[in-house]
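Asker: So I've got this file, final.pdb, and it contains PDB, N, CA and C atoms and all ligand atoms:
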ATOM      1  N   MET I   1      97.521 170.066 116.419  1.00  0.00           N
ATOM      2  CA  MET I   1      98.638 169.138 116.274  1.00  0.00           C
ATOM      3  C   MET I   1      98.306 167.798 116.919  1.00  0.00           C
ATOM      4  N   SER I   2      98.622 166.745 116.232  1.00  0.00           N
ATOM      5  CA  SER I   2      98.321 165.409 116.736  1.00  0.00           C
ATOM      6  C   SER I   2      99.486 164.853 117.541  1.00  0.00           C
ATOM      7  N   ALA I   3      99.145 164.154 118.603  1.00  0.00           N
ATOM      8  CA  ALA I   3     100.178 163.520 119.421  1.00  0.00           C
ATOM      9  C   ALA I   3     100.482 162.116 118.915  1.00  0.00           C
ATOM     10  N   LYS I   4      99.775 161.699 117.882  1.00  0.00           N
ATOM     11  CA  LYS I   4      99.943 160.359 117.346  1.00  0.00           C
ATOM     12  C   LYS I   4     101.346 160.158 116.778  1.00  0.00           C
ATOM     13  N   LYS I   5     101.909 159.024 117.053  1.00  0.00           N
ATOM     14  CA  LYS I   5     103.258 158.749 116.566  1.00  0.00           C
ATOM     15  C   LYS I   5     103.210 158.202 115.144  1.00  0.00           C
ATOM     16  N   THR I   6     104.249 158.462 114.421  1.00  0.00           N
ATOM     17  CA  THR I   6     104.345 157.935 113.066  1.00  0.00           C
ATOM     18  C   THR I   6     104.993 156.553 113.096  1.00  0.00           C
ATOM     19  N   LYS I   7     104.877 155.859 111.984  1.00  0.00           N
ATOM     20  CA  LYS I   7     105.528 154.549 111.859  1.00  0.00           C
ATOM     21  C   LYS I   7     107.032 154.679 112.102  1.00  0.00           C
ATOM     22  N   GLU I   8     107.626 155.727 111.530  1.00  0.00           N
ATOM     23  CA  GLU I   8     109.079 155.920 111.672  1.00  0.00           C
ATOM     24  C   GLU I   8     109.481 156.033 113.140  1.00  0.00           C
ATOM     25  N   GLU I   9     108.692 156.766 113.904  1.00  0.00           N
ATOM     26  CA  GLU I   9     109.003 156.920 115.330  1.00  0.00           C
ATOM     27  C   GLU I   9     108.875 155.597 116.072  1.00  0.00           C
ATOM     28  N   MET I  10     107.830 154.837 115.725  1.00  0.00           N
ATOM     29  CA  MET I  10     107.627 153.545 116.380  1.00  0.00           C
ATOM     30  C   MET I  10     108.732 152.564 116.006  1.00  0.00           C
ATOM     31  N   VAL I  11     109.115 152.577 114.731  1.00  0.00           N
ATOM     32  CA  VAL I  11     110.181 151.680 114.269  1.00  0.00           C
ATOM     33  C   VAL I  11     111.489 152.022 114.974  1.00  0.00           C
ATOM     34  N   LEU I  12     111.744 153.304 115.108  1.00  0.00           N
ATOM     35  CA  LEU I  12     112.961 153.748 115.800  1.00  0.00           C
ATOM     36  C   LEU I  12     112.954 153.265 117.253  1.00  0.00           C
ATOM     37  N   GLN I  13     111.807 153.384 117.884  1.00  0.00           N
ATOM     38  CA  GLN I  13     111.656 152.925 119.274  1.00  0.00           C
ATOM     39  C   GLN I  13     111.862 151.412 119.366  1.00  0.00           C
ATOM     40  N   ALA I  14     111.293 150.696 118.408  1.00  0.00           N
ATOM     41  CA  ALA I  14     111.428 149.235 118.379  1.00  0.00           C
ATOM     42  C   ALA I  14     112.881 148.831 118.154  1.00  0.00           C
ATOM     43  N   LYS I  15     113.563 149.556 117.267  1.00  0.00           N
ATOM     44  CA  LYS I  15     114.968 149.237 116.978  1.00  0.00           C
ATOM     45  C   LYS I  15     115.862 149.542 118.169  1.00  0.00           C
ATOM     46  N   THR I  16     115.507 150.561 118.921  1.00  0.00           N
ATOM     47  CA  THR I  16     116.248 150.877 120.139  1.00  0.00           C
ATOM     48  C   THR I  16     116.140 149.716 121.117  1.00  0.00           C
ATOM     49  N   LYS I  17     114.951 149.091 121.139  1.00  0.00           N
ATOM     50  CA  LYS I  17     114.697 147.992 122.068  1.00  0.00           C
ATOM     51  C   LYS I  17     115.318 146.673 121.587  1.00  0.00           C
ATOM     52  N   HIS I  18     115.143 146.373 120.294  1.00  0.00           N
ATOM     53  CA  HIS I  18     115.493 145.041 119.794  1.00  0.00           C
ATOM     54  C   HIS I  18     116.796 145.007 118.993  1.00  0.00           C
ATOM     55  N   GLY I  19     117.297 146.170 118.587  1.00  0.00           N
ATOM     56  CA  GLY I  19     118.500 146.195 117.757  1.00  0.00           C
ATOM     57  C   GLY I  19     118.154 146.567 116.321  1.00  0.00           C
ATOM     58  N   GLU I  20     119.118 147.186 115.684  1.00  0.00           N
ATOM     59  CA  GLU I  20     118.914 147.766 114.351  1.00  0.00           C
ATOM     60  C   GLU I  20     118.401 146.766 113.316  1.00  0.00           C
ATOM     61  N   ASN I  21     118.954 145.551 113.313  1.00  0.00           N
ATOM     62  CA  ASN I  21     118.638 144.602 112.248  1.00  0.00           C
ATOM     63  C   ASN I  21     117.862 143.375 112.721  1.00  0.00           C
ATOM     64  N   ALA I  22     117.247 143.454 113.880  1.00  0.00           N
ATOM     65  CA  ALA I  22     116.536 142.290 114.422  1.00  0.00           C
ATOM     66  C   ALA I  22     115.257 141.996 113.644  1.00  0.00           C
ATOM     67  N   PHE I  23     114.547 143.042 113.223  1.00  0.00           N
ATOM     68  CA  PHE I  23     113.260 142.853 112.552  1.00  0.00           C
ATOM     69  C   PHE I  23     113.153 143.742 111.319  1.00  0.00           C
ATOM     70  N   ASP I  24     112.333 143.249 110.373  1.00  0.00           N
ATOM     71  CA  ASP I  24     112.064 143.986 109.145  1.00  0.00           C
ATOM     72  C   ASP I  24     110.654 144.579 109.259  1.00  0.00           C
ATOM     73  N   TYR I  25     110.571 145.873 109.139  1.00  0.00           N
ATOM     74  CA  TYR I  25     109.276 146.547 109.311  1.00  0.00           C
ATOM     75  C   TYR I  25     108.682 147.012 107.984  1.00  0.00           C
ATOM     76  N   SER I  26     109.217 146.488 106.872  1.00  0.00           N
ATOM     77  CA  SER I  26     108.751 146.940 105.557  1.00  0.00           C
ATOM     78  C   SER I  26     107.282 146.578 105.308  1.00  0.00           C
ATOM     79  N   GLU I  27     106.787 145.498 105.960  1.00  0.00           N
ATOM     80  CA  GLU I  27     105.391 145.076 105.796  1.00  0.00           C
ATOM     81  C   GLU I  27     104.488 145.700 106.861  1.00  0.00           C
ATOM     82  N   TYR I  28     105.106 146.387 107.770  1.00  0.00           N
ATOM     83  CA  TYR I  28     104.344 146.909 108.898  1.00  0.00           C
ATOM     84  C   TYR I  28     103.511 148.129 108.492  1.00  0.00           C
ATOM     85  N   GLU I  29     102.215 148.077 108.811  1.00  0.00           N
ATOM     86  CA  GLU I  29     101.346 149.222 108.555  1.00  0.00           C
ATOM     87  C   GLU I  29     100.921 149.787 109.891  1.00  0.00           C
ATOM     88  N   TYR I  30     101.435 150.935 110.203  1.00  0.00           N
ATOM     89  CA  TYR I  30     101.158 151.510 111.515  1.00  0.00           C
ATOM     90  C   TYR I  30      99.807 152.225 111.533  1.00  0.00           C
ATOM     91  N   VAL I  31      98.925 151.756 112.383  1.00  0.00           N
ATOM     92  CA  VAL I  31      97.640 152.434 112.594  1.00  0.00           C
ATOM     93  C   VAL I  31      97.725 153.179 113.917  1.00  0.00           C
ATOM     94  N   ASP I  32      97.917 152.416 114.975  1.00  0.00           N
ATOM     95  CA  ASP I  32      98.246 152.971 116.284  1.00  0.00           C
ATOM     96  C   ASP I  32      98.945 151.881 117.086  1.00  0.00           C
ATOM     97  N   SER I  33      99.419 152.218 118.269  1.00  0.00           N
ATOM     98  CA  SER I  33     100.274 151.280 119.006  1.00  0.00           C
ATOM     99  C   SER I  33      99.503 150.050 119.486  1.00  0.00           C
ATOM    100  N   LYS I  34      98.158 150.083 119.420  1.00  0.00           N
ATOM    101  CA  LYS I  34      97.366 148.946 119.897  1.00  0.00           C
ATOM    102  C   LYS I  34      96.819 148.101 118.751  1.00  0.00           C
ATOM    103  N   THR I  35      97.151 148.459 117.533  1.00  0.00           N
ATOM    104  CA  THR I  35      96.685 147.692 116.375  1.00  0.00           C
ATOM    105  C   THR I  35      97.823 146.844 115.837  1.00  0.00           C
ATOM    106  N   ALA I  36      97.583 145.531 115.758  1.00  0.00           N
ATOM    107  CA  ALA I  36      98.628 144.614 115.315  1.00  0.00           C
ATOM    108  C   ALA I  36      98.849 144.717 113.809  1.00  0.00           C
ATOM    109  N   SER I  37     100.086 144.597 113.417  1.00  0.00           N
ATOM    110  CA  SER I  37     100.404 144.503 111.998  1.00  0.00           C
ATOM    111  C   SER I  37     101.610 143.585 111.819  1.00  0.00           C
ATOM    112  N   THR I  38     102.038 143.401 110.583  1.00  0.00           N
ATOM    113  CA  THR I  38     103.043 142.390 110.270  1.00  0.00           C
ATOM    114  C   THR I  38     104.459 142.873 110.559  1.00  0.00           C
ATOM    115  N   ILE I  39     105.190 142.052 111.274  1.00  0.00           N
ATOM    116  CA  ILE I  39     106.611 142.273 111.536  1.00  0.00           C
ATOM    117  C   ILE I  39     107.335 141.026 111.025  1.00  0.00           C
ATOM    118  N   ILE I  40     108.457 141.212 110.371  1.00  0.00           N
ATOM    119  CA  ILE I  40     109.221 140.070 109.862  1.00  0.00           C
ATOM    120  C   ILE I  40     110.469 139.896 110.717  1.00  0.00           C
ATOM    121  N   CYS I  41     110.683 138.670 111.189  1.00  0.00           N
ATOM    122  CA  CYS I  41     111.849 138.360 112.006  1.00  0.00           C
ATOM    123  C   CYS I  41     113.049 138.148 111.084  1.00  0.00           C
ATOM    124  N   ASN I  42     114.108 138.888 111.297  1.00  0.00           N
ATOM    125  CA  ASN I  42     115.313 138.724 110.477  1.00  0.00           C
ATOM    126  C   ASN I  42     116.156 137.533 110.912  1.00  0.00           C
ATOM    127  N   THR I  43     115.851 136.971 112.071  1.00  0.00           N
ATOM    128  CA  THR I  43     116.595 135.808 112.547  1.00  0.00           C
ATOM    129  C   THR I  43     116.108 134.530 111.874  1.00  0.00           C
ATOM    130  N   CYS I  44     114.774 134.333 111.831  1.00  0.00           N
ATOM    131  CA  CYS I  44     114.232 133.094 111.266  1.00  0.00           C
ATOM    132  C   CYS I  44     113.345 133.332 110.051  1.00  0.00           C
ATOM    133  N   GLY I  45     113.061 134.598 109.713  1.00  0.00           N
ATOM    134  CA  GLY I  45     112.255 134.910 108.540  1.00  0.00           C
ATOM    135  C   GLY I  45     110.763 134.773 108.752  1.00  0.00           C
ATOM    136  N   HIS I  46     110.356 134.527 109.987  1.00  0.00           N
ATOM    137  CA  HIS I  46     108.948 134.351 110.316  1.00  0.00           C
ATOM    138  C   HIS I  46     108.205 135.692 110.244  1.00  0.00           C
ATOM    139  N   HIS I  47     107.004 135.664 109.610  1.00  0.00           N
ATOM    140  CA  HIS I  47     106.133 136.845 109.603  1.00  0.00           C
ATOM    141  C   HIS I  47     105.141 136.677 110.739  1.00  0.00           C
ATOM    142  N   PHE I  48     105.037 137.631 111.604  1.00  0.00           N
ATOM    143  CA  PHE I  48     104.050 137.523 112.678  1.00  0.00           C
ATOM    144  C   PHE I  48     103.373 138.871 112.869  1.00  0.00           C
ATOM    145  N   ARG I  49     102.201 138.825 113.495  1.00  0.00           N
ATOM    146  CA  ARG I  49     101.451 140.046 113.744  1.00  0.00           C
ATOM    147  C   ARG I  49     101.560 140.414 115.214  1.00  0.00           C
ATOM    148  N   MET I  50     101.869 141.651 115.459  1.00  0.00           N
ATOM    149  CA  MET I  50     102.024 142.095 116.838  1.00  0.00           C
ATOM    150  C   MET I  50     101.722 143.581 116.918  1.00  0.00           C
ATOM    151  N   THR I  51     101.258 144.023 118.074  1.00  0.00           N
ATOM    152  CA  THR I  51     101.054 145.454 118.277  1.00  0.00           C
ATOM    153  C   THR I  51     102.398 146.101 118.624  1.00  0.00           C
ATOM    154  N   MET I  52     102.546 147.354 118.249  1.00  0.00           N
ATOM    155  CA  MET I  52     103.774 148.071 118.590  1.00  0.00           C
ATOM    156  C   MET I  52     103.892 148.258 120.099  1.00  0.00           C
ATOM    157  N   ASN I  53     102.744 148.324 120.737  1.00  0.00           N
ATOM    158  CA  ASN I  53     102.715 148.437 122.188  1.00  0.00           C
ATOM    159  C   ASN I  53     103.496 147.292 122.827  1.00  0.00           C
ATOM    160  N   ALA I  54     103.170 146.064 122.422  1.00  0.00           N
ATOM    161  CA  ALA I  54     103.848 144.884 122.959  1.00  0.00           C
ATOM    162  C   ALA I  54     105.288 144.816 122.454  1.00  0.00           C
ATOM    163  N   HIS I  55     105.469 145.145 121.182  1.00  0.00           N
ATOM    164  CA  HIS I  55     106.788 144.999 120.564  1.00  0.00           C
ATOM    165  C   HIS I  55     107.826 145.936 121.181  1.00  0.00           C
ATOM    166  N   THR I  56     107.454 147.181 121.407  1.00  0.00           N
ATOM    167  CA  THR I  56     108.413 148.122 121.981  1.00  0.00           C
ATOM    168  C   THR I  56     108.634 147.867 123.469  1.00  0.00           C
ATOM    169  N   ARG I  57     107.793 147.019 124.063  1.00  0.00           N
ATOM    170  CA  ARG I  57     108.020 146.636 125.467  1.00  0.00           C
ATOM    171  C   ARG I  57     108.874 145.384 125.579  1.00  0.00           C
ATOM    172  N   GLY I  58     109.281 144.842 124.440  1.00  0.00           N
ATOM    173  CA  GLY I  58     110.214 143.729 124.506  1.00  0.00           C
ATOM    174  C   GLY I  58     109.745 142.442 123.870  1.00  0.00           C
ATOM    175  N   SER I  59     108.474 142.362 123.444  1.00  0.00           N
ATOM    176  CA  SER I  59     108.011 141.135 122.800  1.00  0.00           C
ATOM    177  C   SER I  59     108.588 141.058 121.387  1.00  0.00           C
ATOM    178  N   GLY I  60     109.143 139.912 121.066  1.00  0.00           N
ATOM    179  CA  GLY I  60     109.733 139.726 119.750  1.00  0.00           C
ATOM    180  C   GLY I  60     109.062 138.607 118.998  1.00  0.00           C
ATOM    181  N   CYS I  61     109.851 137.929 118.182  1.00  0.00           N
ATOM    182  CA  CYS I  61     109.330 136.858 117.342  1.00  0.00           C
ATOM    183  C   CYS I  61     108.872 135.675 118.204  1.00  0.00           C
ATOM    184  N   PRO I  62     107.617 135.225 118.047  1.00  0.00           N
ATOM    185  CA  PRO I  62     107.140 134.093 118.851  1.00  0.00           C
ATOM    186  C   PRO I  62     107.882 132.791 118.547  1.00  0.00           C
ATOM    187  N   ASP I  63     108.297 132.615 117.296  1.00  0.00           N
ATOM    188  CA  ASP I  63     109.062 131.419 116.919  1.00  0.00           C
ATOM    189  C   ASP I  63     110.409 131.381 117.617  1.00  0.00           C
ATOM    190  N   CYS I  64     111.113 132.507 117.590  1.00  0.00           N
ATOM    191  CA  CYS I  64     112.426 132.571 118.234  1.00  0.00           C
ATOM    192  C   CYS I  64     112.288 132.414 119.740  1.00  0.00           C
ATOM    193  N   ALA I  65     111.232 132.974 120.318  1.00  0.00           N
ATOM    194  CA  ALA I  65     111.010 132.840 121.763  1.00  0.00           C
ATOM    195  C   ALA I  65     110.834 131.377 122.135  1.00  0.00           C
ATOM    196  N   GLN I  66     110.075 130.645 121.313  1.00  0.00           N
ATOM    197  CA  GLN I  66     109.876 129.211 121.569  1.00  0.00           C
ATOM    198  C   GLN I  66     111.178 128.446 121.432  1.00  0.00           C
ATOM    199  N   ARG I  67     111.978 128.838 120.436  1.00  0.00           N
ATOM    200  CA  ARG I  67     113.240 128.141 120.227  1.00  0.00           C
ATOM    201  C   ARG I  67     114.185 128.364 121.399  1.00  0.00           C
ATOM    202  N   ILE I  68     114.185 129.582 121.941  1.00  0.00           N
ATOM    203  CA  ILE I  68     115.045 129.877 123.094  1.00  0.00           C
ATOM    204  C   ILE I  68     114.620 129.009 124.279  1.00  0.00           C
ATOM    205  N   ILE I  69     113.295 128.877 124.486  1.00  0.00           N
ATOM    206  CA  ILE I  69     112.791 128.036 125.581  1.00  0.00           C
ATOM    207  C   ILE I  69     113.207 126.579 125.348  1.00  0.00           C
ATOM    208  N   ALA I  70     113.059 126.122 124.094  1.00  0.00           N
ATOM    209  CA  ALA I  70     113.419 124.744 123.757  1.00  0.00           C
ATOM    210  C   ALA I  70     114.909 124.491 123.994  1.00  0.00           C
ATOM    211  N   GLU I  71     115.740 125.475 123.617  1.00  0.00           N
ATOM    212  CA  GLU I  71     117.182 125.325 123.822  1.00  0.00           C
ATOM    213  C   GLU I  71     117.528 125.277 125.299  1.00  0.00           C
ATOM    214  N   LYS I  72     116.835 126.086 126.089  1.00  0.00           N
ATOM    215  CA  LYS I  72     117.058 126.072 127.537  1.00  0.00           C
ATOM    216  C   LYS I  72     116.724 124.698 128.107  1.00  0.00           C
ATOM    217  N   ASN I  73     115.601 124.123 127.646  1.00  0.00           N
ATOM    218  CA  ASN I  73     115.199 122.799 128.109  1.00  0.00           C
ATOM    219  C   ASN I  73     116.229 121.746 127.723  1.00  0.00           C
ATOM    220  N   ASN I  74     116.763 121.847 126.512  1.00  0.00           N
ATOM    221  CA  ASN I  74     117.797 120.910 126.073  1.00  0.00           C
ATOM    222  C   ASN I  74     119.027 121.000 126.946  1.00  0.00           C
ATOM    223  N   VAL I  75     119.416 122.214 127.281  1.00  0.00           N
ATOM    224  CA  VAL I  75     120.583 122.418 128.129  1.00  0.00           C
ATOM    225  C   VAL I  75     120.340 121.777 129.489  1.00  0.00           C
ATOM    226  N   GLN I  76     119.107 121.958 130.007  1.00  0.00           N
ATOM    227  CA  GLN I  76     118.787 121.360 131.300  1.00  0.00           C
ATOM    228  C   GLN I  76     118.825 119.835 131.233  1.00  0.00           C
ATOM    229  N   GLU I  77     118.291 119.296 130.137  1.00  0.00           N
ATOM    230  CA  GLU I  77     118.313 117.841 129.971  1.00  0.00           C
ATOM    231  C   GLU I  77     119.738 117.312 129.910  1.00  0.00           C
ATOM    232  N   LEU I  78     120.583 118.008 129.170  1.00  0.00           N
ATOM    233  CA  LEU I  78     121.987 117.609 129.088  1.00  0.00           C
ATOM    234  C   LEU I  78     122.627 117.652 130.463  1.00  0.00           C
ATOM    235  N   PHE I  79     122.344 118.709 131.175  1.00  0.00           N
ATOM    236  CA  PHE I  79     122.880 118.892 132.511  1.00  0.00           C
ATOM    237  C   PHE I  79     122.483 117.714 133.408  1.00  0.00           C
ATOM    238  N   PHE I  80     121.199 117.347 133.363  1.00  0.00           N
ATOM    239  CA  PHE I  80     120.722 116.278 134.235  1.00  0.00           C
ATOM    240  C   PHE I  80     121.257 114.927 133.789  1.00  0.00           C
ATOM    241  N   SER I  81     121.325 114.719 132.474  1.00  0.00           N
ATOM    242  CA  SER I  81     121.805 113.414 132.033  1.00  0.00           C
ATOM    243  C   SER I  81     123.301 113.248 132.338  1.00  0.00           C
ATOM    244  N   TYR I  82     124.011 114.351 132.445  1.00  0.00           N
ATOM    245  CA  TYR I  82     125.438 114.288 132.759  1.00  0.00           C
ATOM    246  C   TYR I  82     125.664 113.998 134.239  1.00  0.00           C
ATOM    247  N   PHE I  83     124.847 114.581 135.080  1.00  0.00           N
ATOM    248  CA  PHE I  83     125.110 114.467 136.510  1.00  0.00           C
ATOM    249  C   PHE I  83     124.348 113.352 137.208  1.00  0.00           C
ATOM    250  N   TYR I  84     123.283 112.821 136.562  1.00  0.00           N
ATOM    251  CA  TYR I  84     122.496 111.805 137.261  1.00  0.00           C
ATOM    252  C   TYR I  84     122.432 110.498 136.505  1.00  0.00           C
TER
HETATM  253 ZN    ZN H   1     112.176 134.544 114.630  1.00  0.00          ZN
END
Taking this structure as input, can you express it in the form of structure tokens?
Answerer:
Amino acid sequence: MSAKKTKEEMVLQAKTKHGENAFDYSEYEYVDSKTASTIICNTCGHHFRMTMNAHTRGSGCPDCAQRIIAEKNNVQELFFSYFY
């Protein structure tokens, strides 16, 4: 018996971490948790390659991550321009 996980198990684990509809795994080809494959972001539609290892630990769409950082910076700029 193999201890290797199936794509379905990995997708379930990823959905537990990121939410049911956060990502589309229809393009994802599961080889093993250390082999990157295509994940589609349902928020911005970006296709990116990532290992399931990183993804199930919380790494998501790189585009959305950058946008969140950019939005945080904008908020800080607004904050500073208001008070100084
Ligand atoms: Zn995204």
Asker: What's the 7 Å shell around region 42-56 of chain I, counting only N, CA and C atoms, without same-chain residues fewer than 4 positions away, as JSON, numbers by chain?
Answerer: {"I": [13, 14, 17, 21, 22, 23, 24, 32, 33, 34, 35, 36, 37, 38, 60, 62]}
Asker: For the residues in the current selection, export N, CA and C atoms as a PDB file, in the coordinates of the input.
Answerer:
ATOM      1  N   GLN I  13     111.807 153.384 117.884  1.00  0.00           N
ATOM      2  CA  GLN I  13     111.656 152.925 119.274  1.00  0.00           C
ATOM      3  C   GLN I  13     111.862 151.412 119.366  1.00  0.00           C
ATOM      4  N   ALA I  14     111.293 150.696 118.408  1.00  0.00           N
ATOM      5  CA  ALA I  14     111.428 149.235 118.379  1.00  0.00           C
ATOM      6  C   ALA I  14     112.881 148.831 118.154  1.00  0.00           C
ATOM      7  N   LYS I  17     114.951 149.091 121.139  1.00  0.00           N
ATOM      8  CA  LYS I  17     114.697 147.992 122.068  1.00  0.00           C
ATOM      9  C   LYS I  17     115.318 146.673 121.587  1.00  0.00           C
ATOM     10  N   ASN I  21     118.954 145.551 113.313  1.00  0.00           N
ATOM     11  CA  ASN I  21     118.638 144.602 112.248  1.00  0.00           C
ATOM     12  C   ASN I  21     117.862 143.375 112.721  1.00  0.00           C
ATOM     13  N   ALA I  22     117.247 143.454 113.880  1.00  0.00           N
ATOM     14  CA  ALA I  22     116.536 142.290 114.422  1.00  0.00           C
ATOM     15  C   ALA I  22     115.257 141.996 113.644  1.00  0.00           C
ATOM     16  N   PHE I  23     114.547 143.042 113.223  1.00  0.00           N
ATOM     17  CA  PHE I  23     113.260 142.853 112.552  1.00  0.00           C
ATOM     18  C   PHE I  23     113.153 143.742 111.319  1.00  0.00           C
ATOM     19  N   ASP I  24     112.333 143.249 110.373  1.00  0.00           N
ATOM     20  CA  ASP I  24     112.064 143.986 109.145  1.00  0.00           C
ATOM     21  C   ASP I  24     110.654 144.579 109.259  1.00  0.00           C
ATOM     22  N   ASP I  32      97.917 152.416 114.975  1.00  0.00           N
ATOM     23  CA  ASP I  32      98.246 152.971 116.284  1.00  0.00           C
ATOM     24  C   ASP I  32      98.945 151.881 117.086  1.00  0.00           C
ATOM     25  N   SER I  33      99.419 152.218 118.269  1.00  0.00           N
ATOM     26  CA  SER I  33     100.274 151.280 119.006  1.00  0.00           C
ATOM     27  C   SER I  33      99.503 150.050 119.486  1.00  0.00           C
ATOM     28  N   LYS I  34      98.158 150.083 119.420  1.00  0.00           N
ATOM     29  CA  LYS I  34      97.366 148.946 119.897  1.00  0.00           C
ATOM     30  C   LYS I  34      96.819 148.101 118.751  1.00  0.00           C
ATOM     31  N   THR I  35      97.151 148.459 117.533  1.00  0.00           N
ATOM     32  CA  THR I  35      96.685 147.692 116.375  1.00  0.00           C
ATOM     33  C   THR I  35      97.823 146.844 115.837  1.00  0.00           C
ATOM     34  N   ALA I  36      97.583 145.531 115.758  1.00  0.00           N
ATOM     35  CA  ALA I  36      98.628 144.614 115.315  1.00  0.00           C
ATOM     36  C   ALA I  36      98.849 144.717 113.809  1.00  0.00           C
ATOM     37  N   SER I  37     100.086 144.597 113.417  1.00  0.00           N
ATOM     38  CA  SER I  37     100.404 144.503 111.998  1.00  0.00           C
ATOM     39  C   SER I  37     101.610 143.585 111.819  1.00  0.00           C
ATOM     40  N   THR I  38     102.038 143.401 110.583  1.00  0.00           N
ATOM     41  CA  THR I  38     103.043 142.390 110.270  1.00  0.00           C
ATOM     42  C   THR I  38     104.459 142.873 110.559  1.00  0.00           C
ATOM     43  N   GLY I  60     109.143 139.912 121.066  1.00  0.00           N
ATOM     44  CA  GLY I  60     109.733 139.726 119.750  1.00  0.00           C
ATOM     45  C   GLY I  60     109.062 138.607 118.998  1.00  0.00           C
ATOM     46  N   PRO I  62     107.617 135.225 118.047  1.00  0.00           N
ATOM     47  CA  PRO I  62     107.140 134.093 118.851  1.00  0.00           C
ATOM     48  C   PRO I  62     107.882 132.791 118.547  1.00  0.00           C
TER      49      PRO I  62
END
Asker: Between atom N of Arg67 (chain I) and atom N of Cys41 (chain I), what is the distance in Å, rounded to a tenth?
Answerer: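 Straight-line distance from atom N of Arg67 (chain I) to atom N of Cys41 (chain I) works out to 13.6 Å.
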Asker: Can you list every residue in chain I that DSSP puts in strand (DSSP E or B), as a list in words?
Answerer: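 Here are the strand (DSSP E or B) residues of chain I: Phe23, Asp24, Ser37, Thr38, Ile39, Ile40, Cys41, His47, Phe48, Arg49 and Met50 of chain I.
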Asker: With distances taken over all atoms listed in the file, which of I:Tyr25, I:Ala65, I:Thr16, I:Gly58 is nearest to ligand ZN 1 (chain H)?
Answerer: I:Ala65
Asker: Quick check, in Å to one decimal: how far apart do atom N of Asn73 (chain I) and atom N of Lys15 (chain I) lie?
Answerer: 27.5 Å
Asker: Between atom N of Val31 (chain I) and atom C of Gln66 (chain I), what is the distance, to one decimal in Å?
Answerer: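 Computing it gives 27.8 Å between the two atoms.
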Asker: Pick from I:Glu29, I:Ile40, I:Glu20, I:Thr6: nearest to ligand ZN 1 (chain H), with all atoms listed in the file counted?
Answerer: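 Closest residue, counting all atoms listed in the file: I:Ile40.
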Asker: With distances taken over only N, CA and C atoms and all ligand atoms, which residue among I:Cys64, I:Arg57, I:Met10, I:Tyr30 lies nearest ligand ZN 1 (chain H)?
Answerer: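 The closest residue to ligand ZN 1 (chain H) is I:Cys64.
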Asker: Quick one: 6 Å padding each side, axis-aligned, all listed atoms of region 19-26 of chain I - centre and edge lengths in Å to one decimal, as lines of an AutoDock Vina configuration file?
Answerer:
center_x = 113.2
center_y = 144.9
center_z = 111.9
size_x = 23.8
size_y = 17.8
size_z = 25.3
Asker: I:Glu77, I:Asp63, I:Leu12, I:Ile69: which is nearest ligand ZN 1 (chain H), counting all atoms listed in the file?
Answerer: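 Distance minimum relative to ligand ZN 1 (chain H) lands on I:Asp63.
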Asker: Would you mind telling me which residue in I:Ile39, I:Cys61, I:His18, I:Lys5 lies nearest to ligand ZN 1 (chain H) when using only N, CA and C atoms and all ligand atoms?
Answerer: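 Smallest separation from ligand ZN 1 (chain H) among the options: I:Cys61.
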Asker: Hey, what does DSSP flag as alpha helix (DSSP H) within chain I? Can you give it to me as a PyMOL selection string?
Answerer: chain I and resi 7-18+52-55+62-83
